[in-house]
Structure formats: structure tokens, C-alpha cells
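All remarks here apply to the structure that follows.
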Number of protein chains: 2
Amino acid sequence: MSAPREQLLRVQNFMLSTDGFGTGEGQSIERPFGHADPSRLAAWAGATASWPNRAEPGGTRGLDDYFTRDFSHGIGAEIMGRGKFGPQQGPWESYEWEGWWGDEPPFHTPVFVLTHHPRPSISLSDTTFHFIDASPAEALRQAKAAAGGLDVRLGGGVATVRDFLAADLVDTMHVAVAPVEIGRGGRLWESPDELLDRFHHEEVPSPSGVVHHLFWRR
Amino acid sequence: MSAPREQLLRVQNFMLSTDGFGTGEGQSIERPFGHADPSRLAAWAGATASWPNRAEPGGTRGLDDYFTRDFSHGIGAEIMGRGKFGPQQGPWESYEWEGWWGDEPPFHTPVFVLTHHPRPSISLSDTTFHFIDASPAEALRQAKAAAGGLDVRLGGGVATVRDFLAADLVDTMHVAVAPVEIGRGGRLWESPDELLDRFHHEEVPSPSGVVHHLFWRR
């Protein structure tokens, strides 16, 4: 029998442009990715059989499907920045709006939203959003405690991933680089080489045109 | 909410030589793969963090790890040929020997062993081996019924995979071709192109040197 499983912090299916941006400029309720078109970043995932938002049967079952299939596999909680929940900044003016994710959010676990302005938790179907004002290390501690022994997904956005990388808390990271340029907005890197001092790195081109970058701790 | 999930028959992590062999010649209790050296076929998988038989922490978390991690993901039963259970042929001379898989088999589900010589079922830890004399279609029916709504893994060996391909029962297939030649024994194909009339095909080279072949129904 194996020893109790180590709980990892994993970035999964993080979508990036060839010039290193995860989102554009000018986020709003109508445009969560600002001037950037998220459908071009996500096209590779939406084509797969395991895409959680797939409305009809079918879809590809090649390499890209391993990544969409793995999105929730072994994950017991997510951590995200406030901008992935909604575009509001500063104190909440109302609690009425419950985020971009609809009545059936694709997380199915506790989600810890990092914000300097906590608000009461929200349960939508089997996802519960908790709003916490915490350092990356403290947020990870809370998420691991809530994850039932499973791994924690670091959901982004870019600034949140950068904060957790700076705190050296990320164990594995999968970034899918789509063949599109964004030009300005939230940038993860100028080059994946910036991470090579701390991570192993594999670069795997998919027949779909996306390039999967896989990192794990040295 | 999504409709009830279709149950697939999936070949996962099937290990092959560059010349298309899954096993060598002259199988025996001491040499399950005959003259071939299985460690050379399996080296890519054994190096990964998610390899089920891993004895020590560590291991790679790149592309190959997605495949070992996916081995049991969504699987509720396995079907295997008799040769994957043991080397005996013809009527069982004794029920004492309980297969190659030890006290903790890596399946953790019901396993249906195809044989013209049924014997009583065997439970080893959370794996139960059932021995059935059945056509591929009937074996699949029994395995799906036992899989609790999940998919069924087709475990091999080569002759079993070929039988299920001939019966057009395989939905997805992952074959990992290692950089080794076997020369004689059990052969899956002369070329993966033999399957292109019925399957989509992606060929994904891994940095480890193995080449992953992914097939799904057209």
C-alpha cells in the first residue's frame, strides 16, 4: 500500500497567447477577457469530448482531450483571483450578482476567491465560493484543508498564478498556448524559459495547433 | 446537466515495440513476455509519478504522466485475455496459482478474463477476476454491467485487442510505442495506418522517446 498522498498545487489548462497573455485589457461584465477573444484561446479545449461545457455529444478524443479530461481529476478545491469571479474592484456594492459562472459552475468543489474585500460564501450547485483576504501560503493552507486529501487547482488569472509562482507554491503547471496574439493585458511570461531554473519543462505540440507546456518542480 | 454518460471501451497504455509487437515468443510463468524484455517496453511509464507500482516518491510529471494518471480514470471494469492472467493453456490443472498480479493487483475493479476454461472467481484486495467463456460482444456486455456506469478498459494482450478491433467494439485506443524491437511474438500491427479507415489517429512523440498513438472512432 502506498503512503498518504502528497497534496499538490496544480495549474491546469491555463490558456495563453503566443505572446504570453492570458487576458486582454479592459475587463468588464460583458467582456471577462477585455479586448481579447477568449474563444480563440479556448477553441482547442472546446473541440474535445471531455470539455465540461460541451452541449452536444461528440468531440475529439486525441491528445487535447487528455488535458480537458484531467481538469477535475484528483482536484478537491480551487484557488482563484477575484477577477476570475467577477470584474468588480474595491468594496462590493451589492451581493446580488453571483459571478460569471452561472448556476452550474464547472468546479464542483470549494473555490477560494482571493480578495481584499471578503463577502459571505455562495453555493451554486455543488460549487461553493469562499471569499478570503489571505496570503498565497494561507490560501493554500485553507484550500488543502478543504480538499479532502486531494490536490488543489490554481485557477488563475495571470496575476494570481504569478503571485503563487513568486511564493514558490506551484507544484505542476500546464499552460496551453493557442496560435493567437493578444498584445496587451495580463501577461504570464515573456518566455517559458523564465521558469526553467525551478521547473522541468516539456513542450508538446498538439495536432490541433495548440502547444501544451508542462512544468513540474525540479 | 448532461445526459447519462456513454460507456466506452478503451485501450489504455498498451505497450508496443516499433515493429508492432506487444509480447515476445515463449511465454512462461517466469517470462510473461517470452523472449522480450518488458522493462524496455514499460520504462517510459515506470519513470512517471503516477505509475501505480511506484515504490518511492518522485517521478516525472510531464506528458507521459498524463497517460499513467489516466490509466484508471473513469474505468469501472477490465477485460483481458487469459495470457494476461497466466501462461496456462487448456484445462486448469490447479486453482492454487492466482495469476501474475500479486496480492494487490493494479486494477481495483472487476476483471473479466476470457478463457474457454472457466474457473471460480478470485478476489485479491479490491480486484476480482471473473473467468468467462464468451464472445467479445458478450464479454463487453458483462463488463459494462459490472462497471457501475463507468468505462471498460480492454487490457490486452495483442490477440484480445485484435479480436475486439475485428468485432468493431473498441471506442478509443492509446498505444505507446517504445524505441525497442521485438522481432517475433504477438503482433498488433505492421503499421498503425491499418486502423485509419475506422479511427482518427494522432501520433504524439514524447520527450522520453516513446511515441503515443491515440485513436478514436470516426
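Quick note on naming: the chains in the C-alpha cells go A, B, ... in the order shown, residues restart at 1 in each chain, and ligands are numbered from 1 in order of appearance.
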
If we count only C-alpha atoms, which residues of chain A reach to within 10 Å of chain B? Please list them as an MDAnalysis selection string.
chainID A and resid 1:3 5:6 52:57 60:63 66:67 69:70 73:74 104 171:174 200:208 212:218

Least-squares fit on all C-alpha atoms, paired in order: put chain A onto chain B and return it as an mmCIF file with C-alpha atoms, in the first residue's frame.
```
data_model
loop_
_atom_site.group_PDB
_atom_site.id
_atom_site.type_symbol
_atom_site.label_atom_id
_atom_site.label_comp_id
_atom_site.auth_asym_id
_atom_site.auth_seq_id
_atom_site.Cartn_x
_atom_site.Cartn_y
_atom_site.Cartn_z
ATOM 1 C CA MET A 1 -26.990 18.831 -16.597
ATOM 2 C CA SER A 2 -25.558 16.348 -19.023
ATOM 3 C CA ALA A 3 -27.235 13.181 -20.253
ATOM 4 C CA PRO A 4 -26.179 9.792 -18.835
ATOM 5 C CA ARG A 5 -22.648 9.118 -19.856
ATOM 6 C CA GLU A 6 -21.938 6.779 -22.740
ATOM 7 C CA GLN A 7 -19.807 3.823 -21.618
ATOM 8 C CA LEU A 8 -16.706 3.443 -23.775
ATOM 9 C CA LEU A 9 -14.372 0.516 -24.372
ATOM 10 C CA ARG A 10 -10.875 1.963 -24.015
ATOM 11 C CA VAL A 11 -7.426 0.522 -24.628
ATOM 12 C CA GLN A 12 -5.049 2.389 -22.282
ATOM 13 C CA ASN A 13 -1.253 2.443 -22.110
ATOM 14 C CA PHE A 14 -0.935 -0.570 -24.399
ATOM 15 C CA MET A 15 2.801 -1.026 -24.851
ATOM 16 C CA LEU A 16 4.236 -1.912 -28.207
ATOM 17 C CA SER A 17 7.619 -2.177 -29.931
ATOM 18 C CA THR A 18 8.487 -0.142 -33.014
ATOM 19 C CA ASP A 19 7.929 -3.281 -35.087
ATOM 20 C CA GLY A 20 4.421 -3.690 -33.697
ATOM 21 C CA PHE A 21 4.837 -6.458 -31.110
ATOM 22 C CA GLY A 22 3.268 -6.367 -27.663
ATOM 23 C CA THR A 23 4.944 -9.535 -26.437
ATOM 24 C CA GLY A 24 7.676 -11.929 -27.452
ATOM 25 C CA GLU A 25 7.705 -15.640 -28.124
ATOM 26 C CA GLY A 26 7.719 -18.394 -25.475
ATOM 27 C CA GLN A 27 5.542 -17.136 -22.606
ATOM 28 C CA SER A 28 6.123 -18.890 -19.258
ATOM 29 C CA ILE A 29 5.495 -18.184 -15.564
ATOM 30 C CA GLU A 30 8.996 -16.762 -15.288
ATOM 31 C CA ARG A 31 8.771 -14.808 -18.545
ATOM 32 C CA PRO A 32 5.274 -13.344 -19.083
ATOM 33 C CA PHE A 33 6.549 -11.556 -22.217
ATOM 34 C CA GLY A 34 8.500 -14.538 -23.553
ATOM 35 C CA HIS A 35 11.863 -13.611 -25.043
ATOM 36 C CA ALA A 36 11.003 -9.887 -24.949
ATOM 37 C CA ASP A 37 12.136 -7.667 -22.067
ATOM 38 C CA PRO A 38 9.032 -5.905 -20.692
ATOM 39 C CA SER A 39 11.115 -3.370 -18.779
ATOM 40 C CA ARG A 40 12.156 -1.834 -22.081
ATOM 41 C CA LEU A 41 8.529 -1.502 -23.177
ATOM 42 C CA ALA A 42 7.452 -0.043 -19.850
ATOM 43 C CA ALA A 43 10.400 2.223 -18.987
ATOM 44 C CA TRP A 44 8.505 5.377 -20.047
ATOM 45 C CA ALA A 45 5.637 4.548 -17.665
ATOM 46 C CA GLY A 46 7.798 3.461 -14.752
ATOM 47 C CA ALA A 47 9.557 6.832 -14.769
ATOM 48 C CA THR A 48 6.335 8.783 -14.116
ATOM 49 C CA ALA A 49 4.978 9.992 -10.785
ATOM 50 C CA SER A 50 1.610 8.276 -11.317
ATOM 51 C CA TRP A 51 2.891 4.795 -12.164
ATOM 52 C CA PRO A 52 0.738 2.530 -9.968
ATOM 53 C CA ASN A 53 3.619 0.264 -8.950
ATOM 54 C CA ARG A 54 5.916 3.131 -7.966
ATOM 55 C CA ALA A 55 7.696 2.228 -4.739
ATOM 56 C CA GLU A 56 9.306 5.592 -3.952
ATOM 57 C CA PRO A 57 8.147 9.211 -4.180
ATOM 58 C CA GLY A 58 9.258 11.270 -7.137
ATOM 59 C CA GLY A 59 8.915 10.614 -10.834
ATOM 60 C CA THR A 60 8.223 12.810 -13.819
ATOM 61 C CA ARG A 61 5.052 14.865 -14.220
ATOM 62 C CA GLY A 62 5.269 15.665 -17.917
ATOM 63 C CA LEU A 63 3.361 14.246 -20.877
ATOM 64 C CA ASP A 64 3.913 10.565 -20.048
ATOM 65 C CA ASP A 65 2.430 11.124 -16.604
ATOM 66 C CA TYR A 66 -0.902 12.173 -18.151
ATOM 67 C CA PHE A 67 -1.135 8.686 -19.620
ATOM 68 C CA THR A 68 -0.225 6.753 -16.471
ATOM 69 C CA ARG A 69 -2.522 9.060 -14.449
ATOM 70 C CA ASP A 70 -5.364 8.346 -16.847
ATOM 71 C CA PHE A 71 -4.993 4.550 -16.621
ATOM 72 C CA SER A 72 -7.743 4.075 -14.027
ATOM 73 C CA HIS A 73 -9.588 7.351 -14.555
ATOM 74 C CA GLY A 74 -13.248 6.677 -15.261
ATOM 75 C CA ILE A 75 -12.683 2.910 -15.580
ATOM 76 C CA GLY A 76 -15.074 0.527 -13.854
ATOM 77 C CA ALA A 77 -13.999 -2.860 -15.234
ATOM 78 C CA GLU A 78 -11.297 -4.518 -17.332
ATOM 79 C CA ILE A 79 -11.405 -7.250 -19.952
ATOM 80 C CA MET A 80 -8.236 -9.257 -20.573
ATOM 81 C CA GLY A 81 -7.174 -12.372 -22.415
ATOM 82 C CA ARG A 82 -6.173 -15.448 -20.463
ATOM 83 C CA GLY A 83 -2.498 -14.885 -21.268
ATOM 84 C CA LYS A 84 -2.505 -11.647 -19.260
ATOM 85 C CA PHE A 85 -3.633 -13.607 -16.193
ATOM 86 C CA GLY A 86 -1.248 -16.522 -16.546
ATOM 87 C CA PRO A 87 0.609 -18.756 -19.014
ATOM 88 C CA GLN A 88 -1.531 -21.876 -18.617
ATOM 89 C CA GLN A 89 -3.273 -23.308 -21.664
ATOM 90 C CA GLY A 90 -6.111 -25.825 -21.825
ATOM 91 C CA PRO A 91 -7.957 -27.061 -18.717
ATOM 92 C CA TRP A 92 -6.681 -25.698 -15.376
ATOM 93 C CA GLU A 93 -4.608 -28.328 -13.610
ATOM 94 C CA SER A 94 -4.937 -26.501 -10.290
ATOM 95 C CA TYR A 95 -6.649 -23.390 -8.930
ATOM 96 C CA GLU A 96 -3.852 -22.725 -6.492
ATOM 97 C CA TRP A 97 -1.835 -20.257 -8.525
ATOM 98 C CA GLU A 98 -3.729 -16.937 -8.657
ATOM 99 C CA GLY A 99 -2.106 -15.130 -11.542
ATOM 100 C CA TRP A 100 0.816 -12.804 -12.135
ATOM 101 C CA TRP A 101 -0.632 -9.794 -10.360
ATOM 102 C CA GLY A 102 0.156 -10.481 -6.713
ATOM 103 C CA ASP A 103 -1.909 -9.623 -3.651
ATOM 104 C CA GLU A 104 -2.544 -6.024 -4.773
ATOM 105 C CA PRO A 105 -3.381 -6.121 -8.464
ATOM 106 C CA PRO A 106 -3.338 -2.674 -10.098
ATOM 107 C CA PHE A 107 -6.877 -2.935 -11.492
ATOM 108 C CA HIS A 108 -9.104 -2.208 -8.452
ATOM 109 C CA THR A 109 -12.235 -3.262 -10.354
ATOM 110 C CA PRO A 110 -13.872 -6.425 -11.653
ATOM 111 C CA VAL A 111 -11.664 -8.024 -14.323
ATOM 112 C CA PHE A 112 -13.129 -10.381 -16.915
ATOM 113 C CA VAL A 113 -10.605 -12.967 -18.094
ATOM 114 C CA LEU A 114 -11.557 -14.555 -21.419
ATOM 115 C CA THR A 115 -10.938 -18.282 -21.446
ATOM 116 C CA HIS A 116 -12.515 -21.419 -22.853
ATOM 117 C CA HIS A 117 -11.921 -22.928 -19.400
ATOM 118 C CA PRO A 118 -13.850 -21.020 -16.722
ATOM 119 C CA ARG A 119 -12.879 -21.385 -13.055
ATOM 120 C CA PRO A 120 -14.243 -19.842 -9.826
ATOM 121 C CA SER A 121 -13.786 -16.087 -9.398
ATOM 122 C CA ILE A 122 -10.798 -14.829 -7.365
ATOM 123 C CA SER A 123 -10.759 -11.677 -5.212
ATOM 124 C CA LEU A 124 -7.356 -10.193 -4.441
ATOM 125 C CA SER A 125 -7.619 -6.932 -2.482
ATOM 126 C CA ASP A 126 -10.137 -4.759 -4.400
ATOM 127 C CA THR A 127 -9.734 -6.619 -7.699
ATOM 128 C CA THR A 128 -11.978 -9.570 -8.580
ATOM 129 C CA PHE A 129 -11.097 -11.810 -11.526
ATOM 130 C CA HIS A 130 -14.022 -13.487 -13.284
ATOM 131 C CA PHE A 131 -13.262 -16.205 -15.836
ATOM 132 C CA ILE A 132 -15.710 -16.293 -18.718
ATOM 133 C CA ASP A 133 -16.041 -18.163 -21.979
ATOM 134 C CA ALA A 134 -17.729 -15.496 -24.079
ATOM 135 C CA SER A 135 -17.625 -13.681 -27.406
ATOM 136 C CA PRO A 136 -16.151 -10.172 -27.378
ATOM 137 C CA ALA A 137 -19.647 -8.644 -27.562
ATOM 138 C CA GLU A 138 -20.933 -10.754 -24.664
ATOM 139 C CA ALA A 139 -17.825 -10.084 -22.568
ATOM 140 C CA LEU A 140 -18.267 -6.360 -23.153
ATOM 141 C CA ARG A 141 -21.918 -6.586 -22.139
ATOM 142 C CA GLN A 142 -20.968 -8.266 -18.849
ATOM 143 C CA ALA A 143 -18.109 -5.843 -18.189
ATOM 144 C CA LYS A 144 -20.298 -2.781 -18.819
ATOM 145 C CA ALA A 145 -22.947 -4.151 -16.476
ATOM 146 C CA ALA A 146 -20.269 -4.559 -13.767
ATOM 147 C CA ALA A 147 -18.634 -1.169 -14.363
ATOM 148 C CA GLY A 148 -21.100 0.978 -12.425
ATOM 149 C CA GLY A 149 -21.728 3.290 -15.364
ATOM 150 C CA LEU A 150 -18.032 3.849 -15.984
ATOM 151 C CA ASP A 151 -15.900 2.882 -18.984
ATOM 152 C CA VAL A 152 -14.364 -0.526 -19.595
ATOM 153 C CA ARG A 153 -10.642 -0.970 -20.179
ATOM 154 C CA LEU A 154 -9.537 -3.524 -22.739
ATOM 155 C CA GLY A 155 -6.301 -4.707 -21.202
ATOM 156 C CA GLY A 156 -4.862 -6.954 -23.915
ATOM 157 C CA GLY A 157 -2.856 -8.901 -24.835
ATOM 158 C CA VAL A 158 -2.417 -8.436 -28.517
ATOM 159 C CA ALA A 159 -4.749 -11.238 -29.637
ATOM 160 C CA THR A 160 -7.525 -9.916 -27.410
ATOM 161 C CA VAL A 161 -7.168 -6.366 -28.722
ATOM 162 C CA ARG A 162 -7.202 -7.703 -32.269
ATOM 163 C CA ASP A 163 -10.380 -9.723 -31.580
ATOM 164 C CA PHE A 164 -12.194 -6.667 -30.207
ATOM 165 C CA LEU A 165 -10.976 -4.498 -33.095
ATOM 166 C CA ALA A 166 -12.231 -7.139 -35.537
ATOM 167 C CA ALA A 167 -15.618 -7.060 -33.789
ATOM 168 C CA ASP A 168 -15.563 -3.243 -34.054
ATOM 169 C CA LEU A 169 -16.089 -2.819 -30.313
ATOM 170 C CA VAL A 170 -13.150 -0.529 -29.442
ATOM 171 C CA ASP A 171 -14.008 3.161 -28.933
ATOM 172 C CA THR A 172 -10.621 4.652 -28.056
ATOM 173 C CA MET A 173 -7.118 3.249 -28.073
ATOM 174 C CA HIS A 174 -3.847 4.542 -26.677
ATOM 175 C CA VAL A 175 -0.752 2.641 -27.784
ATOM 176 C CA ALA A 176 2.688 3.650 -26.493
ATOM 177 C CA VAL A 177 5.434 2.635 -28.911
ATOM 178 C CA ALA A 178 8.799 2.282 -27.178
ATOM 179 C CA PRO A 179 12.115 2.556 -29.051
ATOM 180 C CA VAL A 180 12.807 -1.185 -28.997
ATOM 181 C CA GLU A 181 12.341 -4.037 -31.488
ATOM 182 C CA ILE A 182 10.974 -7.457 -30.515
ATOM 183 C CA GLY A 183 11.054 -9.233 -33.855
ATOM 184 C CA ARG A 184 8.670 -12.139 -33.192
ATOM 185 C CA GLY A 185 5.782 -12.956 -30.859
ATOM 186 C CA GLY A 186 2.374 -11.284 -30.552
ATOM 187 C CA ARG A 187 1.938 -8.560 -33.123
ATOM 188 C CA LEU A 188 -0.726 -5.845 -33.005
ATOM 189 C CA TRP A 189 -0.003 -4.281 -36.373
ATOM 190 C CA GLU A 190 2.502 -3.871 -39.135
ATOM 191 C CA SER A 191 1.592 -0.182 -39.191
ATOM 192 C CA PRO A 192 -0.921 2.009 -37.309
ATOM 193 C CA ASP A 193 -2.202 3.023 -40.744
ATOM 194 C CA GLU A 194 -4.147 -0.250 -40.798
ATOM 195 C CA LEU A 195 -6.695 1.385 -38.480
ATOM 196 C CA LEU A 196 -7.197 4.653 -40.314
ATOM 197 C CA ASP A 197 -10.325 3.551 -42.140
ATOM 198 C CA ARG A 198 -12.208 3.392 -38.855
ATOM 199 C CA PHE A 199 -10.302 5.646 -36.460
ATOM 200 C CA HIS A 200 -8.973 9.154 -36.143
ATOM 201 C CA HIS A 201 -5.287 8.946 -35.312
ATOM 202 C CA GLU A 202 -2.831 11.259 -33.590
ATOM 203 C CA GLU A 203 0.849 10.459 -33.205
ATOM 204 C CA VAL A 204 2.461 12.318 -30.310
ATOM 205 C CA PRO A 205 6.207 11.934 -29.679
ATOM 206 C CA SER A 206 7.133 12.296 -26.022
ATOM 207 C CA PRO A 207 10.424 13.805 -24.837
ATOM 208 C CA SER A 208 11.069 10.429 -23.158
ATOM 209 C CA GLY A 209 11.466 8.742 -26.549
ATOM 210 C CA VAL A 210 8.170 6.859 -26.542
ATOM 211 C CA VAL A 211 5.594 7.740 -29.208
ATOM 212 C CA HIS A 212 1.981 7.875 -28.093
ATOM 213 C CA HIS A 213 -0.583 6.799 -30.688
ATOM 214 C CA LEU A 214 -4.136 7.916 -29.980
ATOM 215 C CA PHE A 215 -7.126 6.521 -31.850
ATOM 216 C CA TRP A 216 -10.787 7.285 -31.585
ATOM 217 C CA ARG A 217 -13.738 6.241 -33.715
ATOM 218 C CA ARG A 218 -14.559 8.141 -36.879
#
```

Please identify the helix (DSSP H, G or I) residues within segment 3-217 of chain B (assignment by DSSP from backbone atoms) and present them as number ranges by chain.
B: 38-46, 63-69, 82-85, 136-146, 158-166, 192-195

Strand (DSSP E) residues, from DSSP on the backbone, in segment 32-194 of chain B, as a PyMOL selection string
chain B and resi 75-81+110-114+122-124+127-132+151-154+172-178+186-187
